[in-house]
Amino acid sequence: MFRATLSKEIRPVRHKFMQSPMEIFMADEKKLTLHGLQQYNMKLKDNEKNRRLFDLLDVLEFNQVVIFMKSVQWHTALAQLLVEQNFPPLPPSGGCPRSRGFLRISS
C-alpha cells in the first residue's frame, strides 16, 4: 500500500491486512502539503479518454502531470500517443516497482 496521507485512526487497521508494512513518517505533517496541486477526475468512455486528455494538456498550465493506468498495455499505448502529440513522458524514477503503472509529463 502506497499512501501519502493515512489518518491516525486507520493506521491500526492496515496491520490486520498487511504483513510487515514499511512505514515512513514525516516529523512535521505540514511538509506534506502540496501547494497549487490540482486533481482532475472524469467519467468517460474508453474511446473518449485520449482526446479529452490531450484537450486538457493543451489548455492547462502545468509543471508536471501524473497519469495512472490500470495495465501495462494502456501504459505502452498512451506513452506512444503522448510522444506523437509532443508530450513525451519522463522516464520512471525512484526505482518504483509500479513505474509502468503511471506516466509523468513535464512542461
# chains A, B, ... in the order shown; residues from 1 in each chain; ligands from 1

$ residues_around --residues "segment 79-88 of chain A" --least-positions-apart "4" --cutoff "9 Å" --atoms "only C-alpha atoms" --output "PyMOL selection string"
chain A and resi 50+54+57+74-75+103-107

$ write_last_selection --atoms "N, CA, C and O atoms" --output "PDB file, in the first residue's frame"
ATOM      1  N   ASN A  50      -8.499   9.470 -24.521  1.00  0.00           N
ATOM      2  CA  ASN A  50      -7.301  10.079 -25.105  1.00  0.00           C
ATOM      3  C   ASN A  50      -7.567  11.485 -25.613  1.00  0.00           C
ATOM      4  O   ASN A  50      -6.801  12.412 -25.347  1.00  0.00           O
ATOM      5  N   PHE A  54      -5.710  14.944 -24.168  1.00  0.00           N
ATOM      6  CA  PHE A  54      -4.931  15.882 -24.972  1.00  0.00           C
ATOM      7  C   PHE A  54      -5.566  17.270 -24.992  1.00  0.00           C
ATOM      8  O   PHE A  54      -4.852  18.272 -25.031  1.00  0.00           O
ATOM      9  N   LEU A  57      -4.343  18.739 -21.707  1.00  0.00           N
ATOM     10  CA  LEU A  57      -2.919  19.069 -21.768  1.00  0.00           C
ATOM     11  C   LEU A  57      -2.675  20.324 -22.600  1.00  0.00           C
ATOM     12  O   LEU A  57      -1.746  21.084 -22.323  1.00  0.00           O
ATOM     13  N   TRP A  74      -2.196  -0.329 -21.493  1.00  0.00           N
ATOM     14  CA  TRP A  74      -2.624   1.073 -21.536  1.00  0.00           C
ATOM     15  C   TRP A  74      -1.404   1.992 -21.453  1.00  0.00           C
ATOM     16  O   TRP A  74      -1.332   2.993 -22.147  1.00  0.00           O
ATOM     17  N   HIS A  75      -0.469   1.645 -20.586  1.00  0.00           N
ATOM     18  CA  HIS A  75       0.744   2.450 -20.418  1.00  0.00           C
ATOM     19  C   HIS A  75       1.496   2.561 -21.738  1.00  0.00           C
ATOM     20  O   HIS A  75       1.869   3.648 -22.169  1.00  0.00           O
ATOM     21  N   LEU A 103       2.487   7.431 -15.836  1.00  0.00           N
ATOM     22  CA  LEU A 103       3.358   8.239 -16.693  1.00  0.00           C
ATOM     23  C   LEU A 103       3.473   9.637 -16.093  1.00  0.00           C
ATOM     24  O   LEU A 103       2.521  10.150 -15.541  1.00  0.00           O
ATOM     25  N   ARG A 104       4.663  10.216 -16.227  1.00  0.00           N
ATOM     26  CA  ARG A 104       4.868  11.598 -15.789  1.00  0.00           C
ATOM     27  C   ARG A 104       5.209  12.424 -17.015  1.00  0.00           C
ATOM     28  O   ARG A 104       5.981  12.001 -17.861  1.00  0.00           O
ATOM     29  N   ILE A 105       4.641  13.618 -17.088  1.00  0.00           N
ATOM     30  CA  ILE A 105       4.914  14.552 -18.164  1.00  0.00           C
ATOM     31  C   ILE A 105       5.370  15.845 -17.528  1.00  0.00           C
ATOM     32  O   ILE A 105       4.779  16.313 -16.563  1.00  0.00           O
ATOM     33  N   SER A 106       6.413  16.446 -18.070  1.00  0.00           N
ATOM     34  CA  SER A 106       6.898  17.719 -17.554  1.00  0.00           C
ATOM     35  C   SER A 106       6.717  18.781 -18.632  1.00  0.00           C
ATOM     36  O   SER A 106       6.867  18.499 -19.819  1.00  0.00           O
ATOM     37  N   SER A 107       6.397  19.998 -18.207  1.00  0.00           N
ATOM     38  CA  SER A 107       6.199  21.064 -19.202  1.00  0.00           C
ATOM     39  C   SER A 107       7.523  21.578 -19.717  1.00  0.00           C
ATOM     40  O   SER A 107       8.553  21.396 -19.156  1.00  0.00           O
TER      41      SER A 107
END

$ atom_distance --atom1 "atom CA of Leu53 of chain A" --atom2 "atom CA of Leu90 of chain A"
16.8 Å

$ select_by_dssp --residues "segment 13-94 of chain A" --states "alpha helix (DSSP H)" --output "JSON, numbers by chain"
{"A": [13, 14, 15, 16, 17, 46, 47, 48, 49, 50, 51, 52, 53, 54, 55, 56, 57, 58, 59, 72, 73, 74, 75, 76, 77, 78, 79, 80, 81, 82, 83, 84]}

$ write_last_selection --atoms "N, CA, C and O atoms" --output "compact mmCIF listing (two decimals), in the first residue's frame"
# COMPACT_ATOMS: atom_id res chain seq x y z
N VAL A 13 -5.69 -0.42 11.49
CA VAL A 13 -6.48 -1.31 10.63
C VAL A 13 -5.61 -1.96 9.57
O VAL A 13 -5.77 -3.13 9.24
N ARG A 14 -4.66 -1.21 9.01
CA ARG A 14 -3.83 -1.76 7.93
C ARG A 14 -3.02 -2.96 8.38
O ARG A 14 -2.70 -3.83 7.59
N HIS A 15 -2.68 -3.03 9.69
CA HIS A 15 -1.91 -4.17 10.20
C HIS A 15 -2.71 -5.47 10.15
O HIS A 15 -2.13 -6.55 10.11
N LYS A 16 -4.04 -5.37 10.13
CA LYS A 16 -4.86 -6.57 10.01
C LYS A 16 -4.77 -7.18 8.62
O LYS A 16 -5.01 -8.36 8.44
N PHE A 17 -4.43 -6.37 7.62
CA PHE A 17 -4.45 -6.83 6.24
C PHE A 17 -3.06 -6.93 5.61
O PHE A 17 -2.93 -7.48 4.53
N ASP A 46 -14.08 4.60 -22.72
CA ASP A 46 -12.69 4.35 -23.12
C ASP A 46 -12.31 5.08 -24.41
O ASP A 46 -11.22 5.62 -24.52
N ASN A 47 -13.23 5.14 -25.37
CA ASN A 47 -12.90 5.77 -26.65
C ASN A 47 -12.86 7.31 -26.58
O ASN A 47 -12.50 7.96 -27.54
N GLU A 48 -13.22 7.89 -25.44
CA GLU A 48 -13.19 9.35 -25.26
C GLU A 48 -11.96 9.82 -24.47
O GLU A 48 -11.66 11.01 -24.46
N LYS A 49 -11.28 8.91 -23.80
CA LYS A 49 -10.25 9.30 -22.83
C LYS A 49 -9.05 10.00 -23.45
O LYS A 49 -8.60 11.04 -22.94
N ASN A 50 -8.50 9.47 -24.52
CA ASN A 50 -7.30 10.08 -25.11
C ASN A 50 -7.57 11.48 -25.61
O ASN A 50 -6.80 12.41 -25.35
N ARG A 51 -8.67 11.68 -26.33
CA ARG A 51 -8.99 13.00 -26.86
C ARG A 51 -9.14 14.01 -25.73
O ARG A 51 -8.64 15.13 -25.78
N ARG A 52 -9.84 13.64 -24.66
CA ARG A 52 -10.06 14.54 -23.53
C ARG A 52 -8.73 14.86 -22.83
O ARG A 52 -8.48 15.99 -22.45
N LEU A 53 -7.88 13.85 -22.68
CA LEU A 53 -6.57 14.07 -22.06
C LEU A 53 -5.78 15.10 -22.85
O LEU A 53 -5.23 16.05 -22.29
N PHE A 54 -5.71 14.94 -24.17
CA PHE A 54 -4.93 15.88 -24.97
C PHE A 54 -5.57 17.27 -24.99
O PHE A 54 -4.85 18.27 -25.03
N ASP A 55 -6.89 17.35 -24.93
CA ASP A 55 -7.55 18.66 -24.81
C ASP A 55 -7.11 19.35 -23.52
O ASP A 55 -6.79 20.54 -23.51
N LEU A 56 -7.08 18.60 -22.41
CA LEU A 56 -6.65 19.18 -21.13
C LEU A 56 -5.18 19.58 -21.15
O LEU A 56 -4.81 20.65 -20.65
N LEU A 57 -4.34 18.74 -21.71
CA LEU A 57 -2.92 19.07 -21.77
C LEU A 57 -2.67 20.32 -22.60
O LEU A 57 -1.75 21.08 -22.32
N ASP A 58 -3.51 20.55 -23.61
CA ASP A 58 -3.36 21.73 -24.45
C ASP A 58 -3.77 23.02 -23.74
O ASP A 58 -3.18 24.07 -23.97
N VAL A 59 -4.78 22.96 -22.86
CA VAL A 59 -5.30 24.20 -22.27
C VAL A 59 -4.79 24.48 -20.86
O VAL A 59 -4.80 25.63 -20.43
N VAL A 72 -0.30 -2.50 -18.18
CA VAL A 72 0.90 -2.22 -18.98
C VAL A 72 0.51 -1.89 -20.42
O VAL A 72 1.11 -1.04 -21.06
N GLN A 73 -0.53 -2.55 -20.93
CA GLN A 73 -0.97 -2.28 -22.31
C GLN A 73 -1.43 -0.83 -22.47
O GLN A 73 -1.09 -0.18 -23.46
N TRP A 74 -2.20 -0.33 -21.49
CA TRP A 74 -2.62 1.07 -21.54
C TRP A 74 -1.40 1.99 -21.45
O TRP A 74 -1.33 2.99 -22.15
N HIS A 75 -0.47 1.65 -20.59
CA HIS A 75 0.74 2.45 -20.42
C HIS A 75 1.50 2.56 -21.74
O HIS A 75 1.87 3.65 -22.17
N THR A 76 1.74 1.44 -22.39
CA THR A 76 2.51 1.42 -23.63
C THR A 76 1.82 2.22 -24.72
O THR A 76 2.45 3.04 -25.41
N ALA A 77 0.52 2.02 -24.87
CA ALA A 77 -0.23 2.72 -25.91
C ALA A 77 -0.27 4.23 -25.65
O ALA A 77 -0.05 5.03 -26.57
N LEU A 78 -0.51 4.62 -24.40
CA LEU A 78 -0.59 6.05 -24.10
C LEU A 78 0.78 6.71 -24.22
O LEU A 78 0.89 7.83 -24.70
N ALA A 79 1.82 6.04 -23.80
CA ALA A 79 3.17 6.60 -23.93
C ALA A 79 3.47 6.91 -25.39
O ALA A 79 4.02 7.98 -25.71
N GLN A 80 3.11 6.02 -26.30
CA GLN A 80 3.32 6.25 -27.73
C GLN A 80 2.50 7.43 -28.23
O GLN A 80 2.99 8.28 -28.96
N LEU A 81 1.24 7.50 -27.82
CA LEU A 81 0.39 8.63 -28.22
C LEU A 81 0.93 9.96 -27.70
O LEU A 81 0.89 10.97 -28.39
N LEU A 82 1.43 9.96 -26.46
CA LEU A 82 1.99 11.19 -25.89
C LEU A 82 3.19 11.67 -26.69
O LEU A 82 3.34 12.87 -26.95
N VAL A 83 4.04 10.75 -27.12
CA VAL A 83 5.20 11.12 -27.94
C VAL A 83 4.72 11.72 -29.26
O VAL A 83 5.22 12.76 -29.70
N GLU A 84 3.74 11.07 -29.89
CA GLU A 84 3.21 11.55 -31.17
C GLU A 84 2.59 12.93 -31.06
O GLU A 84 2.62 13.71 -32.01

$ atom_distance --atom1 "atom CA of Met22 of chain A" --atom2 "atom CA of Ser7 of chain A"
15.9 Å

$ atom_distance --atom1 "atom CA of Ser71 of chain A" --atom2 "atom CA of Gln39 of chain A"
20.9 Å
